[in-house]
Structure formats: structure tokens, C-alpha cells
Amino acid sequence: MGSDSDLEAEQAHLDRAYEALEASRRSASRLAGMVEVGRGGTNQARFEREVIHDSIVSRLTQLHIGDASLVFGRIDRTEAVGGERYHIGRIAVSDEDYEPLVIDWRAPVAEPFYRATGREPMGLYRRRHFATRGKRLLAMEDEVFDGEALLAEGAGSDLVGKAALLASLEEARTGKLGDIVATIQAEQDAIIRSELPGVLVVQGGPGTGKTVVALHRAAYLLYTHRFPLEGQGVLVVGPNRLFLGYIEHVLPSLGEVGVELAVTADLVVGVPTEGRDAPDVARIKGDARMGTVLSRAIDDRERPLRWDLVVPYGRSRLRMTREQSRGIVRSARRRFRGHNAARRYVEQQVFAALAASTSRELEPGEVRSTLRWAREVREALEWMWPRLTPEHLLHDLFGSRALLRHAARDTFGEAVADSLHRPRSGHVSEVVWTVDDIPLLDEAHAYLGPVRGREEARTFGHIVVDEAQDRSPMELRMLARRSLSGSMTIVGDIGQATGPWGAQDWEDVLAHLPGRRDPRHIELTVGYRIPASIMGPAVAVLGASAPWLTPPVAVRPGEEPPEFVRVLEPSGLGAEVAAAAVRARDHVEPGNVAVIVPRSLVEDVAAGLEAAGVEYGRATRRGLDRRITLVPVDLAKGLELDAAVVVEPAAIVDEESAGLRSLYVALTRATRRLAVIHARALPDPMRETATAAA
């Protein structure tokens, strides 16, 4: 801890930094008022004004940090490397003479603040962490990188700024994921500052901070590679909208507002979606072999005529033989990659064949002008090479058992092909697609090529994919097509693979992603969120579901073991859950509580909460903005709450496709308190820990 005089000196520095920040905001606001964006002047002048205006607005956004801490601490370098002293913070701030008061946490010189250890001090003599509230400095923690002092203080710990870290972990959750920029640890910083090119795979168990680290990496890459990433764009793909709402404030808190957050259904514009398919159908639609099925479905629509085309032309008749149509189709397939791009060529060849079928010297263009709207010609072209949208292709394919079986020949059996069948709608515009259809529509678009009047899919300079272990091969192929250069951060936990396509190892995922460079693998091993006291049931379940994985090592001992409550009568389950939720809410005041339930019990538990007069929200409607939230287990992944009440583990195991792994997810959401309420017998892996806790 620093002395009182040190505290006063650091407070004075913080005051100067905040004054300089406010001066920068005023200056940027004045500039914004001076730049008028309108219609006047040349195109070049308007473009330049818009660029300047956008730059100023972006700077104003970066300078607005709200109640977040501006400065996190200080590093003092040894005389051997210059002896400089730098304050590290959220954004860079300079005084009126352009002397730095605060260094941006992403700058290279700030790296030792997060990475230096007793074994590798990285040129530091001292590192100082600040505890602040608003603009007020409350306390400081010093780490002195001196050999004797380090030995005396037990410098073997790899935690950076341990007191500040533990204090932040003990704070109540708000229902929104917060940044960790003040307490980034060395293993996390190695991921954040990893090089841009190629695919980086981040494996991390519950509570290791993998999601927030991936978001900080996006902010770091935008800072370090502003050009070209600002123009190319950065995309973060989450598993569901509840998750996107949960993480939406992290990047703005780091000064980056231009990053796009999306679920995969958002990436195909203008297609209405509703719900998901049954797990067995979703698994088929996610299979990489569906690419072959779609390709064959398109081939089945590129076909020679069944008989010769004969068209009246004045006093004569023009003819194209069936064999000529076969040659045109064969030539179009050879010449063009995209189906729709070849349509014009097919039309030209058809009219050329008709023009050449008579002894009269006819120009193909003249024949086209005369016959382009003739019913016989239009029917022939639609038979040989129809213009197709992805929606028309899939609507026709899924609406016909015969087309499905033919396209799936040698790929899936008839029974599998038939499971994809669904009744045709009156018109393709009436179809409401499922989430599992979206990657198929995107794959079809890749084969068909651009459609006139339709916006093309956007590509990105860097893509972050969270919960990647649950992505299907078709979904991964869809995401790979949106990568400009193959730069991606893939984040997840094999131990939490619960979807129809839950991966057994990361090679299953990487097989469908860009492979221009060898992928890099980093594993997060330290659990910051979940205390050791409540990890017992989760570790036992992980040992049964994925014994080859090592659970993260908790940095906090925790307050108390999990609570297990057996309900003798199933009818009393709702009331007991309500009581446990209230106990948890009061215990973690002012934090939040998740009541995690299997889908089959959502309404029963909701009725129990209402009967007990407990105020609660539903994750499917209001996110996590209530003190107590009812969360179906399939939406729990990635969330972080102060307390969790897990309801009927046996039902979770029975109902979910990866039952034990879904239970593992449910048991690892809480940071302070865990309760398990059950009427049925607990799953085998949990029984020993429940007995020990009793």
C-alpha cells in the first residue's frame, strides 16, 4: 500500500487527467459544431466533410467513459530501460503540451502492466493498482519487482494485482457483462494481444473469462490495426439474443462502438425466422454433407430439354434440338461457377441455336428481341436453367420428397431425406424459415451466386465466434465465408458442448474454418468467477461427461458450499424453488439470481414463484434486468450471476441432447451461491457431493 503522500500525489494526477479529458471533450464538441454535413459543394467536398464528421463523432464516443474508471494504475520502469513512469488507463489522455497523462491499456508500453511477473518483470521496478470510485482514488496496491522483496512477499503467484482482482470479483452483478480492463491477468493478456492473422482457438472452462477476453481482443485489434479493420469491420457472433444483450455494453465501455453483434440468423438479410427444428432434423441440416445435397439440387435444375423446342417465327419455324440443349447445359456448367451468372449465357446460346436452325441469315439478337417473351421459349429456359433464389431452391427442395431423395442420393438414406420434407406454402414469400435453415440458405446463395436487387452478404476483417463448440459444420462454413482474410477468434469450452452438433474436440470445428495459416490454440486454466466452495458438483459432472478435460483452478475459496434441498412431493417443487430464490436474493444483495430450469418445468416453476408473491423476470422476455430471473437451461450458457438455483437436475439430464453437459453449464453460472432443488433422485455424479454438503 502507498503512503498518504503517495495517495495525495496520485489523486492530483487523476484530477489533472480528468480535467484534460474534459478539455478534449469540449474541443471535440466544438469541432463537431463547425463541421456541417449537407448537400452543398462537390461530391469530393461532401465526402471529406462526412469523413471528418464521423471521425469527430467517433472520438467523442471514445472520450465519454461515464462512471467507468479512467486510470487503473501505474508502472515504473527500471533505470536500465529508461526509468520512465506511465499511468495506464481506459483511453489515452494528454495535457495541453501533448505530454501523456494516461496511456491507453492497449498500447505496447502498457503490456507489462498485465504481463509482468516476479519471474519475468519485463523491465518494471514497480506496478501499482488503483481502487477508485468515480474520480476518487480510494486505495493503492503496490507490487515491487525487486528480488529480495519478491521473495519476502511470496512472488510465486501468477495473479496480477490480486487485491484489485478479488475486489472486482466480489462485486454484485448487474445482469450485464462488464469489462475487465483494470484486472486483466497475464494468461488473458496473451490472448488479447495475440497477432491478427489466422484462427485463434481459446478453450476455457466456466468462469475463466473467455468471452470477455475475446471482446477485449476485438477492442485491442481495432486499436492496433485501426487500418484496415475499421473499414473492413469486426463481427462478434453469439449463440442467442439473450447472450448478445448480456455482452452488449463491454465494447462501448472500451471506446469501440463500431463492432457488429449478431446471431447467425442476422447474417442473411431479409429472411424471416422463427424457432428451431427438432434436434434430429437440426442435426441433419447442420451436416456438412448438406452442401453436397444443395449442389445436387441445383444440378437437378440444370437440365436438357425433354423434347425439341420448336417456335413459330414469321412464316417459318425455328428449332433447337434436345441434343443442342444438352450441349448448352454442359458448356454452361463448365464455364461458370455460379448458377445465376450462367443464365445470360444460356439465353444467348438458345437464341443462337434458334437463329442457326433456318437457311435464312438471322441474327441471334434479332431472334431474341422477337421471341424473348414467347411462352415456349420462356418455358424452355425455365426448364433448362431457371433463375433461382436460395429461398426458391429450398422451398422447392423441401416441398418434394422426390427432389429430396434425388438430391440426397448416395449422401443420406431415403428416411433421412424424407425427414427434411415439409408441406409447400402457397408462395415462397409465405415461408417462415427456422434458424437451422439459415446456413442452408447461405450455402445455396454461395452456389447460386448474386441475385439481382438483393444485398450481398457483408464480409469482415475479423470475426469472434463465441460458444463455437456448439456450431454446426454448415454454420461454421457460413461464418468462414464472411471472413475476408481468415482472421478469427474462436471461443468456447468442449466441456459445455450441448447442441446437436456439440464438438468432441477443436479439430471438429477447425475442419470447417479458413485454413490458410496453422491455427493457434490457447487454454485458459484459471477460474476467476466460480469459487472453489461451489465447484464440487460441477467438477463431478464434468468428470462423468468429459473426463479428459481438466476443470479450471478457482482463485477464490468462496463463502459456503452449495445447498441441496430434496422435495418429498413433486407438487411442492415450485414453492421450494421460490423459497430458495428468495434466500439467494437476500444473501447476495444487491446482486442477481438465476432460477435455471428444464424446459418442461418452466411454467410450473413460474407458477410457484407467482404463488409465493416473488417478483421475477423471464430471460426470454426481459433479459437479466430483474433481481430474480427464470432461465431455461438451454439459454444459460455464457451467463454470469451472483447466485443460481438449479431445478431438477435429473430432468435436465433426461431432456437435453447432451444432458450431463447441460447440467454442467447450469451448475457453473453462480459467482457466490448455488442451490439445487430436486424432487427426483440426483444424477449419479452429483450424489457424493450432495451427501458431503448435507
# chains A, B, ... in the order shown; residues from 1 in each chain; ligands from 1
>>> select_by_dssp(residues="segment 395-559 of chain A", states="strand (DSSP E)", output="JSON, numbers by chain")
{"A": [462, 463, 464, 465, 488, 489, 490, 491, 492, 520, 521, 522, 523, 524, 526, 527, 553, 554]}
>>> closest_residue(among="A:Gln203, A:Ser533, A:Thr668, A:Thr78", to="Tyr125 of chain A", atoms="only C-alpha atoms")
A:Thr78
>>> closest_residue(among="A:Leu371, A:Ile328, A:Ala20, A:Leu244", to="Tyr98 of chain A", atoms="only C-alpha atoms")
A:Ala20
>>> residues_around(residues="Glu615 of chain A", least_positions_apart="2", cutoff="12 Å", atoms="only C-alpha atoms", output="list in words")
Ala578, Ala581, Val582, Arg585, Val593, Ala606, Ala607, Gly608, Leu609, Glu610, Ala611, Ala612, Gly613, Gly617, Arg618, Asp625, Arg626, Arg627, Ile628, Thr629 and Leu630 of chain A
>>> closest_residue(among="A:Arg25, A:Lys637, A:Arg387, A:Arg226", to="Gly495 of chain A", atoms="only C-alpha atoms")
A:Lys637
>>> residues_around(residues="segment 437-442 of chain A", least_positions_apart="3", cutoff="10 Å", atoms="only C-alpha atoms", output="PyMOL selection string")
chain A and resi 264-268+271-273+276-277+282+285-286+290-291+294+389-394+432-434+445-448+457+472-479+481
>>> closest_residue(among="A:Gly623, A:Gly536, A:Gly245, A:Gly338", to="Met686 of chain A", atoms="only C-alpha atoms")
A:Gly536
>>> select_by_dssp(residues="segment 142-317 of chain A", states="helix (DSSP H, G or I)", output="number ranges by chain")
A: 147-152, 162-170, 186-192, 210-224, 226-232, 241-247, 250-253, 264-267, 279-286, 290-299
>>> residues_around(residues="Ala650 of chain A", least_positions_apart="2", cutoff="8 Å", atoms="only C-alpha atoms", output="PyMOL selection string")
chain A and resi 648+652-654+680-683
>>> residues_around(residues="Leu166 of chain A", least_positions_apart="5", cutoff="9 Å", atoms="only C-alpha atoms", output="PyMOL selection string")
chain A and resi 161+171+528+555-556
